[in-house]
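Next comes coords.txt, a file with compact mmCIF, C-alpha atoms.
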```txt
# COMPACT_ATOMS: atom_id res chain seq x y z
CA MET A 12 0.00 0.00 0.00
CA PRO A 13 1.43 3.45 -0.89
CA ILE A 14 2.83 5.32 2.10
CA GLY A 15 0.36 8.22 1.88
CA GLN A 16 -2.65 5.91 1.59
CA LEU A 17 -1.45 3.85 4.55
CA ALA A 18 -1.12 6.97 6.70
CA HIS A 19 -4.72 7.93 5.86
CA VAL A 20 -6.06 4.47 6.75
CA LEU A 21 -4.26 4.36 10.12
CA ARG A 22 -5.21 7.88 11.15
CA GLY A 23 -7.32 7.79 14.30
CA LEU A 24 -7.04 4.02 14.78
CA ASN A 25 -3.98 3.90 17.02
CA ASP A 26 -4.38 3.20 20.72
CA GLN A 27 -2.13 5.79 22.32
CA GLY A 28 -3.74 5.59 25.75
CA ASP A 29 -2.13 2.34 26.87
CA GLY A 30 1.12 3.03 28.66
CA ARG A 31 2.46 -0.45 27.90
CA MET A 32 3.04 0.49 24.25
CA LEU A 33 6.47 2.10 23.97
CA VAL A 34 6.47 2.31 20.14
CA GLY A 35 3.30 2.07 18.08
CA PRO A 36 2.12 2.59 14.49
CA GLU A 37 1.76 6.37 14.76
CA THR A 38 5.48 6.92 14.07
CA PHE A 39 5.63 4.39 11.19
CA ASP A 40 8.37 2.51 12.99
CA ASP A 41 9.58 -0.82 11.68
CA ALA A 42 8.04 -2.76 14.56
CA GLY A 43 5.93 -2.27 17.66
CA VAL A 44 7.57 -2.31 21.09
CA VAL A 45 5.64 -3.23 24.25
CA GLU A 46 7.06 -3.11 27.77
CA LEU A 47 7.10 -6.28 29.87
CA ALA A 48 7.73 -4.71 33.29
CA GLY A 49 5.17 -5.96 35.77
CA VAL A 50 3.45 -8.20 33.19
CA GLU A 51 2.57 -11.77 34.17
CA GLY A 52 4.61 -11.64 37.35
CA LEU A 53 7.76 -10.09 35.87
CA PRO A 54 9.58 -7.60 38.15
CA ALA A 55 8.49 -3.97 37.83
CA ASP A 56 12.04 -2.90 37.02
CA THR A 57 12.40 -5.29 34.04
CA ASN A 58 14.07 -3.46 31.16
CA LEU A 59 13.28 -6.16 28.59
CA ALA A 60 10.60 -5.17 26.06
CA LEU A 61 8.79 -7.14 23.38
CA VAL A 62 9.29 -6.33 19.68
CA GLN A 63 6.68 -7.52 17.15
CA THR A 64 6.47 -7.24 13.38
CA VAL A 65 5.09 -9.03 10.30
CA ASP A 66 5.97 -8.94 6.60
CA TYR A 67 5.37 -11.05 3.50
CA PHE A 68 5.49 -10.49 -0.26
CA PRO A 69 5.49 -12.24 -3.67
CA PRO A 70 8.69 -13.61 -5.27
CA VAL A 71 11.43 -11.11 -6.13
CA VAL A 72 13.73 -13.74 -7.67
CA ASP A 73 13.06 -16.98 -9.56
CA ASP A 74 15.15 -19.19 -7.27
CA PRO A 75 12.66 -20.53 -4.66
CA CYS A 76 15.20 -21.12 -1.90
CA PHE A 77 16.62 -17.61 -2.27
CA TYR A 78 13.07 -16.22 -2.32
CA GLY A 79 12.30 -17.89 1.02
CA ALA A 80 15.58 -16.68 2.53
CA ILE A 81 15.05 -13.11 1.31
CA ALA A 82 11.49 -13.02 2.67
CA ALA A 83 12.72 -14.23 6.04
CA ALA A 84 15.64 -11.79 6.18
CA ASN A 85 13.26 -8.97 5.28
CA SER A 86 10.87 -9.93 8.11
CA LEU A 87 13.66 -10.33 10.66
CA SER A 88 15.14 -6.98 9.66
CA ASP A 89 12.41 -5.00 11.37
CA VAL A 90 13.46 -6.36 14.76
CA TYR A 91 17.11 -5.54 14.07
CA ALA A 92 16.12 -2.02 12.99
CA MET A 93 14.65 -1.44 16.47
CA GLY A 94 17.89 -2.57 18.08
CA GLY A 95 16.39 -5.90 19.10
CA ARG A 96 17.08 -9.58 18.61
CA PRO A 97 14.60 -12.10 17.12
CA PHE A 98 13.21 -14.85 19.33
CA THR A 99 10.32 -16.63 17.60
CA ALA A 100 8.80 -16.68 14.11
CA LEU A 101 5.38 -17.58 12.72
CA ASN A 102 5.31 -18.40 9.03
CA LEU A 103 2.78 -16.84 6.63
CA ALA A 104 2.51 -18.49 3.22
CA GLY A 105 0.22 -18.24 0.21
CA ILE A 106 0.76 -21.09 -2.24
CA PRO A 107 -0.94 -21.31 -5.68
CA LYS A 108 -2.96 -24.48 -6.27
CA ASP A 109 -0.82 -25.62 -9.21
CA PHE A 110 2.53 -24.75 -7.61
CA ALA A 111 5.16 -27.48 -7.91
CA PRO A 112 5.61 -29.22 -4.51
CA GLU A 113 9.40 -29.11 -4.83
CA TRP A 114 9.27 -25.33 -5.33
CA THR A 115 7.12 -24.97 -2.21
CA ALA A 116 9.56 -27.11 -0.22
CA GLU A 117 12.51 -24.98 -1.36
CA ILE A 118 10.78 -21.73 -0.40
CA PHE A 119 10.10 -23.05 3.09
CA ARG A 120 13.63 -24.43 3.38
CA GLY A 121 15.18 -21.07 2.52
CA GLY A 122 12.97 -19.22 4.97
CA PHE A 123 13.35 -21.65 7.85
CA GLU A 124 17.14 -21.86 7.44
CA LYS A 125 17.39 -18.07 7.55
CA CYS A 126 15.33 -17.97 10.76
CA ARG A 127 17.64 -20.55 12.30
CA GLU A 128 20.63 -18.45 11.26
CA ALA A 129 19.06 -15.54 13.15
CA GLY A 130 18.48 -17.69 16.23
CA ALA A 131 14.69 -17.44 15.88
CA LEU A 132 12.51 -20.48 16.57
CA VAL A 133 9.83 -21.15 13.92
CA VAL A 134 6.95 -22.14 16.19
CA GLY A 135 4.16 -22.46 13.62
CA GLY A 136 2.36 -20.57 10.92
CA HIS A 137 -0.56 -20.44 8.52
CA THR A 138 -0.80 -21.38 4.84
CA VAL A 139 -3.57 -20.60 2.35
CA GLN A 140 -4.08 -21.01 -1.40
CA THR A 141 -3.48 -17.79 -3.34
CA ALA A 142 -3.32 -16.66 -6.96
CA GLU A 143 0.41 -15.96 -6.65
CA ALA A 144 3.01 -17.11 -4.15
CA LEU A 145 3.29 -15.06 -0.95
CA PHE A 146 5.77 -15.77 1.83
CA GLY A 147 7.00 -14.16 5.02
CA PHE A 148 6.98 -14.26 8.79
CA ALA A 149 5.56 -12.64 11.91
CA ILE A 150 8.57 -12.11 14.18
CA THR A 151 8.70 -11.64 17.94
CA GLY A 152 11.89 -10.38 19.51
CA PHE A 153 13.30 -8.68 22.58
CA VAL A 154 14.97 -5.30 23.08
CA ASP A 155 16.32 -3.33 26.02
CA ARG A 156 13.67 -0.66 26.52
CA ARG A 157 16.43 1.85 27.31
CA ALA A 158 18.06 1.38 23.90
CA VAL A 159 15.18 1.18 21.41
CA ALA A 160 16.26 2.59 18.03
CA ALA A 161 12.93 4.22 17.20
CA ASN A 162 12.13 6.69 14.42
CA SER A 163 11.65 9.42 17.02
CA GLY A 164 15.24 9.68 18.26
CA ALA A 165 17.18 11.55 15.55
CA ARG A 166 18.58 14.96 16.49
CA PRO A 167 19.99 17.88 14.45
CA GLY A 168 23.70 17.36 13.96
CA ASP A 169 23.45 13.57 13.74
CA LEU A 170 25.20 11.90 10.81
CA LEU A 171 23.48 9.34 8.59
CA TYR A 172 24.89 5.95 7.55
CA LEU A 173 23.65 3.16 5.28
CA THR A 174 24.72 -0.46 5.75
CA LYS A 175 23.68 -2.04 2.41
CA ARG A 176 23.80 -0.94 -1.21
CA LEU A 177 20.69 0.37 -2.99
CA GLY A 178 19.22 -0.73 -6.30
CA THR A 179 17.55 -4.08 -5.61
CA GLY A 180 14.28 -2.86 -7.13
CA ALA A 181 15.88 -1.94 -10.45
CA LEU A 182 17.89 -5.16 -10.63
CA THR A 183 15.03 -7.51 -9.76
CA THR A 184 12.82 -5.70 -12.28
CA ALA A 185 15.52 -6.19 -14.92
CA GLY A 186 15.65 -9.86 -13.98
CA LYS A 187 11.89 -10.27 -14.37
CA GLN A 188 12.10 -8.60 -17.79
CA GLY A 189 14.84 -10.96 -18.92
CA GLN A 190 17.43 -8.18 -19.14
CA LEU A 191 19.63 -9.61 -16.37
CA ALA A 192 20.80 -13.21 -16.13
CA TRP A 193 20.63 -15.02 -12.80
CA ALA A 194 24.41 -15.03 -12.45
CA GLU A 195 24.37 -11.21 -12.72
CA LEU A 196 21.48 -10.89 -10.28
CA LEU A 197 23.05 -13.26 -7.74
CA PRO A 198 25.09 -10.59 -5.86
CA ALA A 199 21.90 -8.61 -5.25
CA ALA A 200 20.08 -11.78 -4.17
CA ARG A 201 22.86 -12.55 -1.70
CA GLN A 202 22.65 -9.03 -0.27
CA MET A 203 18.87 -9.28 0.09
CA ALA A 204 19.25 -12.60 1.94
CA GLU A 205 21.85 -11.12 4.29
CA LEU A 206 20.69 -10.50 7.84
CA ASN A 207 21.03 -7.07 9.43
CA ASP A 208 22.18 -8.65 12.69
CA ARG A 209 25.79 -7.44 12.49
CA ALA A 210 24.72 -3.91 11.59
CA ALA A 211 22.33 -3.92 14.56
CA ALA A 212 25.08 -5.14 16.87
CA ALA A 213 27.34 -2.32 15.67
CA MET A 214 24.76 0.37 16.27
CA ASN A 215 23.85 -1.05 19.70
CA ALA A 216 27.51 -0.94 20.68
CA THR A 217 27.65 2.74 19.65
CA ARG A 218 24.48 4.09 21.34
CA ILE A 219 23.03 5.62 18.21
CA HIS A 220 19.97 7.91 18.24
CA ALA A 221 17.63 6.34 15.66
CA ALA A 222 17.45 3.75 12.90
CA THR A 223 15.16 2.26 10.27
CA ASP A 224 15.60 -0.35 7.58
CA ILE A 225 15.17 0.41 3.88
CA THR A 226 12.46 -1.72 2.28
CA GLY A 227 9.31 -1.13 0.21
CA PHE A 228 8.96 2.62 0.77
CA GLY A 229 12.52 3.12 -0.51
CA LEU A 230 15.21 5.33 0.97
CA ALA A 231 13.00 8.40 0.56
CA GLY A 232 9.98 6.84 2.26
CA HIS A 233 11.79 5.38 5.24
CA ALA A 234 13.86 8.55 5.65
CA ARG A 235 10.58 10.46 5.62
CA ASN A 236 9.25 8.28 8.45
CA LEU A 237 12.36 8.85 10.54
CA ALA A 238 12.30 12.60 9.90
CA ARG A 239 8.59 12.84 10.69
CA GLY A 240 8.94 10.85 13.90
CA SER A 241 11.89 12.94 15.09
CA GLY A 242 10.64 16.37 13.99
CA VAL A 243 13.70 17.00 11.80
CA THR A 244 14.83 17.11 8.18
CA LEU A 245 17.17 14.50 6.74
CA ALA A 246 19.63 15.87 4.17
CA ILE A 247 20.87 13.01 1.98
CA GLU A 248 23.72 13.33 -0.52
CA LEU A 249 22.61 11.28 -3.51
CA GLY A 250 26.14 11.20 -4.89
CA SER A 251 27.27 9.39 -1.74
CA LEU A 252 24.73 6.57 -1.98
CA PRO A 253 26.25 3.08 -2.22
CA LEU A 254 24.74 1.38 -5.29
CA LEU A 255 24.67 -2.19 -6.52
CA GLU A 256 26.51 -2.76 -9.78
CA ARG A 257 24.43 -1.86 -12.88
CA ALA A 258 21.56 -0.41 -10.82
CA LEU A 259 22.23 3.09 -12.10
CA ASP A 260 22.51 1.84 -15.70
CA PHE A 261 19.08 0.25 -15.51
CA ALA A 262 17.59 3.33 -13.84
CA ARG A 263 18.97 5.42 -16.71
CA ALA A 264 17.22 3.07 -19.12
CA GLY A 265 13.93 3.44 -17.22
CA VAL A 266 14.05 -0.09 -15.78
CA VAL A 267 12.77 0.42 -12.24
CA SER A 268 10.01 -1.10 -10.15
CA GLY A 269 6.46 0.20 -10.07
CA GLY A 270 7.06 1.00 -6.41
CA SER A 271 9.59 3.66 -7.41
CA ARG A 272 6.96 5.67 -9.26
CA LYS A 273 4.36 5.20 -6.51
CA ASN A 274 6.81 6.29 -3.82
CA ARG A 275 7.81 9.41 -5.72
CA ALA A 276 4.22 10.43 -6.33
CA ALA A 277 3.23 9.85 -2.70
CA LEU A 278 6.22 11.76 -1.32
CA ALA A 279 6.27 14.69 -3.74
CA GLN A 280 5.23 17.24 -1.08
CA VAL A 281 7.71 16.17 1.60
CA VAL A 282 10.85 15.16 -0.33
CA SER A 283 12.80 17.69 -2.39
CA VAL A 284 15.36 16.94 -5.10
CA ARG A 285 18.04 19.54 -5.72
CA ALA A 286 18.09 20.99 -9.22
CA GLY A 287 20.82 19.48 -11.35
CA ILE A 288 20.72 16.02 -9.73
CA GLU A 289 20.79 13.26 -12.34
CA GLU A 290 17.26 11.98 -12.76
CA ALA A 291 18.23 8.30 -12.65
CA LEU A 292 20.07 8.81 -9.37
CA ALA A 293 17.08 10.58 -7.86
CA THR A 294 14.87 7.73 -9.06
CA LEU A 295 16.97 5.23 -7.11
CA GLY A 296 16.42 7.35 -4.01
CA PHE A 297 12.70 6.59 -4.34
CA GLU A 298 13.13 3.01 -5.57
CA ALA A 299 11.40 0.27 -3.60
CA GLU A 300 14.02 -1.92 -1.94
CA THR A 301 13.78 -5.48 -0.68
CA SER A 302 15.52 -6.47 2.56
CA GLY A 303 17.73 -3.39 2.45
CA GLY A 304 20.22 -2.17 5.02
CA LEU A 305 19.82 0.05 8.05
CA LEU A 306 19.71 3.84 7.88
CA ILE A 307 21.33 4.95 11.13
CA ALA A 308 21.35 8.40 12.77
CA VAL A 309 24.34 8.71 15.09
CA PRO A 310 25.68 11.68 17.08
CA ALA A 311 28.65 13.21 15.24
CA ALA A 312 30.85 12.62 18.29
CA ARG A 313 30.22 8.87 18.02
CA ALA A 314 30.39 8.54 14.22
CA GLU A 315 33.94 7.24 14.19
CA GLN A 316 33.01 4.63 16.77
CA LEU A 317 30.07 3.48 14.64
CA GLU A 318 32.32 3.21 11.59
CA ALA A 319 34.82 1.13 13.57
CA GLU A 320 32.08 -1.14 14.93
CA LEU A 321 30.67 -1.68 11.41
CA ARG A 322 34.07 -2.43 9.92
CA ALA A 323 34.89 -4.84 12.73
CA ARG A 324 31.81 -6.83 11.74
CA ASP A 325 32.49 -6.61 7.98
CA VAL A 326 29.46 -4.37 7.37
CA LEU A 327 29.33 -1.68 4.68
CA VAL A 328 30.21 1.81 5.96
CA ALA A 329 28.55 4.54 3.88
CA ARG A 330 28.02 8.03 5.26
CA VAL A 331 25.16 9.50 3.22
CA GLY A 332 24.06 12.71 4.93
CA GLU A 333 23.10 14.51 8.09
CA VAL A 334 20.16 15.48 10.28
CA ARG A 335 19.10 19.13 10.27
CA PRO A 336 16.45 21.16 12.11
CA ARG A 337 13.00 20.79 10.55
CA GLY A 338 12.78 22.74 7.31
CA ASP A 339 10.24 23.05 4.51
CA VAL A 340 10.53 19.34 3.66
CA LEU A 341 11.16 16.15 5.62
CA VAL A 342 13.86 14.83 3.29
CA ALA A 343 16.19 16.86 1.08
CA PHE A 344 17.98 14.93 -1.68
CA GLU A 345 21.08 16.98 -2.45
```
As a first step, turn the structure in this file into structure tokens.
Amino acid sequence: MPIGQLAHVLRGLNDQGDGRMLVGPETFDDAGVVELAGVEGLPADTNLALVQTVDYFPPVVDDPCFYGAIAAANSLSDVYAMGGRPFTALNLAGIPKDFAPEWTAEIFRGGFEKCREAGALVVGGHTVQTAEALFGFAITGFVDRRAVAANSGARPGDLLYLTKRLGTGALTTAGKQGQLAWAELLPAARQMAELNDRAAAAMNATRIHAATDITGFGLAGHARNLARGSGVTLAIELGSLPLLERALDFARAGVVSGGSRKNRAALAQVVSVRAGIEEALATLGFEAETSGGLLIAVPAARAEQLEAELRARDVLVARVGEVRPRGDVLVAFE
């Protein structure tokens, strides 16, 4: 659902009167966070909080095992983006009636193996027949309530970092159109299947201010959510964005996902693009991503520490902008 339409649907439906909810849907965070202190006999000073999220989508690659792994990594990512760790997973699957049983088995295998890699127990799920394949997970995790990386924590002067390359939408679209062979798409598939656990560990070790992961709303949409939740403007240097190989070439040729166009239309009033920016590069800023990296807002004084923590865990280090006081727009592509 487009980001603007989703905001309209959720308006007025959120329960903000229950003090147990530490992070809810009103800030468009990646997951909900609920405190456990005093619940079911737990001590009142318990700092452990519950993180919950759900995500599923149709295939983005033709390889069924990779599809399952990517869907799982994407679902798990929302817990990592809050600074948490996954604990349990419930599978959600829609399988077409005429789907080959061996394909179905490979999808499940890829997803379940990725959950095991994350240390999450798959405790059940629900499967229905659908017109096209759908796969994902509802994830429950834990987080220290004192260190939740919510959308509301960014402050002017913070620096912005990305931990994965952009361009998965353009490359998977090229693959679906037969313009990119599987061997050429494989590096992007591997990145999409990569967990954000090491990036989350690095930011937790640094005491960052805020974070979100980059998925269907694209860099622009998720940056917008972070800026809106924090009451700031994010200034992002498009020339500094880390891109997957050939992503810019396909964007120049007009090969991008439908989500790119929807995101740009929905965000036109809150995201500005500096005059003179190459159109294809701006397009990738709005491009829908699958299982992307974390966008992290860190105090400038701790930026070097974050970079060191990321490098120590072999995670991409890409400084892409800064946080400014709220201006005329929520996100400024410069």
How many Å lie between atom CA of Cys76 of chain A and atom CA of Thr115 of chain A, rounded to one decimal?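 Rounded to one decimal, the two atoms are 9.0 Å apart.
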Choose the residue, out of A:Glu248, A:Gly105, A:Gly303, A:Ala199, that has the smallest atom-to-atom separation from Ala144 of chain A; count all atoms listed in the file.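 Looking at the shortest contact to Ala144 of chain A, the residue is A:Gly105.
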Which residue gives the smallest distance to Asn215 of chain A among A:Arg157, A:His137, A:Arg257, A:Lys175, with all atoms listed in the file counted?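 Result for the nearest residue to Asn215 of chain A: A:Arg157.
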Which residue is closest to Leu252 of chain A? Choose from A:Ala204, A:Leu87, A:Met214, A:Leu292 and count all atoms listed in the file. A:Leu292
Report, in Å to a single decimal, how far apart atom CA of Leu327 of chain A and atom CA of Gly164 of chain A are.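 Interatomic distance, atom CA of Gly164 of chain A to atom CA of Leu327 of chain A: 22.6 Å.
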Neighbours of Leu321 of chain A within 12 Å (only C-alpha atoms; same-chain residues fewer than 3 positions away dropped), as a PyMOL selection string? chain A and resi 172-175+207-217+305+307+314-318+324-330
Can you build me a table of segment 204-270 of chain A residues sitting at most 9 Å from segment 40-58 of chain A, with the closest atom pair per residue and its distance in Å to one decimal, using all atoms listed in the file, sorted by chain and residue number, as a Markdown table?
```
| residue | atom | partner | partner_atom | distance |
| --- | --- | --- | --- | --- |
| A:Thr223 | CA | A:Asp41 | CA | 6.5 |
| A:Asp224 | CA | A:Asp41 | CA | 7.3 |
| A:His233 | CA | A:Asp40 | CA | 8.9 |
| A:Asn236 | CA | A:Asp40 | CA | 7.4 |
| A:Leu237 | CA | A:Asp40 | CA | 7.9 |
| A:Gly240 | CA | A:Asp40 | CA | 8.4 |
```
Name the residues in contact with segment 145-150 of chain A at a cut-off of 10 Å, using only C-alpha atoms, excluding same-chain residues fewer than 6 positions from it; report them as a VMD selection string. chain A and resid 42 62 to 70 78 to 90 96 to 107 118 to 119 122 to 123 126 131 to 133 135 to 139
Need the shell around Asp339 of chain A: protein/DNA/RNA residues with any atom at most 12 Å away, counting only C-alpha atoms. Skip same-chain ones fewer than 6 positions apart. Format as a PDB file with C-alpha atoms, in the frame of the given file?
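Output below, filename around17.pdb:
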```
ATOM      1  CA  ALA A 238      12.300  12.600   9.900  1.00  0.00           C
ATOM      2  CA  GLY A 242      10.640  16.370  13.990  1.00  0.00           C
ATOM      3  CA  VAL A 243      13.700  17.000  11.800  1.00  0.00           C
ATOM      4  CA  THR A 244      14.830  17.110   8.180  1.00  0.00           C
ATOM      5  CA  LEU A 245      17.170  14.500   6.740  1.00  0.00           C
ATOM      6  CA  ALA A 246      19.630  15.870   4.170  1.00  0.00           C
ATOM      7  CA  GLN A 280       5.230  17.240  -1.080  1.00  0.00           C
ATOM      8  CA  VAL A 281       7.710  16.170   1.600  1.00  0.00           C
ATOM      9  CA  VAL A 282      10.850  15.160  -0.330  1.00  0.00           C
ATOM     10  CA  SER A 283      12.800  17.690  -2.390  1.00  0.00           C
TER      11      SER A 283
END
```
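The two atoms in question, atom CA of Ile225 of chain A and atom CA of Glu298 of chain A, are spaced 10.0 Å apart.
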For Asp169 of chain A, find every residue with an atom within 7 Å (counting all atoms listed in the file), except residues of its own chain fewer than 4 positions away, and show them as an MDAnalysis selection string. chainID A and resid 165 308:311 333:334
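Distances from A:Thr294, A:Thr179, A:Thr301, A:Gln202 to Ala264 of chain A were compared using only C-alpha atoms, and the smallest one belongs to A:Thr294.
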Proximity to Ser268 of chain A - best of A:Glu320, A:Glu300, A:Asp74, A:Glu117, all atoms listed in the file: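 The answer is A:Glu300, which sits nearest to Ser268 of chain A.
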Which is closer to Arg166 of chain A than all the others in A:Gln188, A:Asn274, A:Ser302, A:Ser241, using all atoms listed in the file? A:Ser241
For the point (4.8, 6.8, 14.6) in the file's frame, write as a ChimeraX atom specification all residues with an atom no more than 8 Å away, counting all atoms listed in the file. /A:34-40,162-163,236,240
Please output segment 58-81 of chain A, rebuilt to include N, CA and C atoms, as a compact mmCIF listing (two decimals), in the coordinates of the input.
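Just written: result_13.txt:
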```
# COMPACT_ATOMS: atom_id res chain seq x y z
N ASN A 58 13.79 -4.34 32.29
CA ASN A 58 14.07 -3.46 31.16
C ASN A 58 13.85 -4.14 29.81
N LEU A 59 13.52 -5.43 29.83
CA LEU A 59 13.28 -6.16 28.59
C LEU A 59 11.91 -5.79 28.03
N ALA A 60 11.86 -5.50 26.73
CA ALA A 60 10.60 -5.17 26.06
C ALA A 60 10.41 -6.10 24.88
N LEU A 61 9.16 -6.25 24.47
CA LEU A 61 8.79 -7.14 23.38
C LEU A 61 8.75 -6.36 22.07
N VAL A 62 9.33 -6.93 21.01
CA VAL A 62 9.29 -6.33 19.68
C VAL A 62 8.47 -7.24 18.77
N GLN A 63 7.51 -6.70 18.03
CA GLN A 63 6.68 -7.52 17.15
C GLN A 63 6.52 -6.87 15.78
N THR A 64 6.59 -7.72 14.75
CA THR A 64 6.47 -7.24 13.38
C THR A 64 6.00 -8.36 12.47
N VAL A 65 5.52 -8.02 11.28
CA VAL A 65 5.09 -9.03 10.30
C VAL A 65 5.33 -8.49 8.90
N ASP A 66 5.74 -9.36 7.99
CA ASP A 66 5.97 -8.94 6.60
C ASP A 66 5.92 -10.17 5.69
N TYR A 67 5.34 -10.01 4.51
CA TYR A 67 5.37 -11.05 3.50
C TYR A 67 5.15 -10.41 2.15
N PHE A 68 5.62 -11.06 1.07
CA PHE A 68 5.49 -10.49 -0.26
C PHE A 68 5.65 -11.57 -1.33
N PRO A 69 5.33 -11.27 -2.59
CA PRO A 69 5.49 -12.24 -3.67
C PRO A 69 6.96 -12.39 -4.06
N PRO A 70 7.28 -13.35 -4.91
CA PRO A 70 8.69 -13.61 -5.27
C PRO A 70 9.36 -12.39 -5.91
N VAL A 71 10.62 -12.16 -5.52
CA VAL A 71 11.43 -11.11 -6.13
C VAL A 71 12.54 -11.70 -7.00
N VAL A 72 12.76 -13.01 -6.84
CA VAL A 72 13.73 -13.74 -7.67
C VAL A 72 13.09 -15.07 -8.05
N ASP A 73 13.62 -15.72 -9.09
CA ASP A 73 13.06 -16.98 -9.56
C ASP A 73 13.51 -18.18 -8.73
N ASP A 74 14.65 -18.09 -8.08
CA ASP A 74 15.15 -19.19 -7.27
C ASP A 74 14.31 -19.33 -6.00
N PRO A 75 13.59 -20.44 -5.80
CA PRO A 75 12.66 -20.53 -4.66
C PRO A 75 13.34 -20.51 -3.30
N CYS A 76 14.51 -21.13 -3.19
CA CYS A 76 15.20 -21.12 -1.90
C CYS A 76 15.67 -19.72 -1.53
N PHE A 77 16.21 -18.99 -2.51
CA PHE A 77 16.62 -17.61 -2.27
C PHE A 77 15.40 -16.74 -1.92
N TYR A 78 14.28 -16.99 -2.61
CA TYR A 78 13.07 -16.22 -2.32
C TYR A 78 12.66 -16.40 -0.86
N GLY A 79 12.66 -17.64 -0.37
CA GLY A 79 12.30 -17.89 1.02
C GLY A 79 13.27 -17.22 1.98
N ALA A 80 14.57 -17.29 1.67
CA ALA A 80 15.58 -16.68 2.53
C ALA A 80 15.45 -15.17 2.56
N ILE A 81 15.20 -14.57 1.40
CA ILE A 81 15.05 -13.11 1.31
C ILE A 81 13.82 -12.66 2.09
```
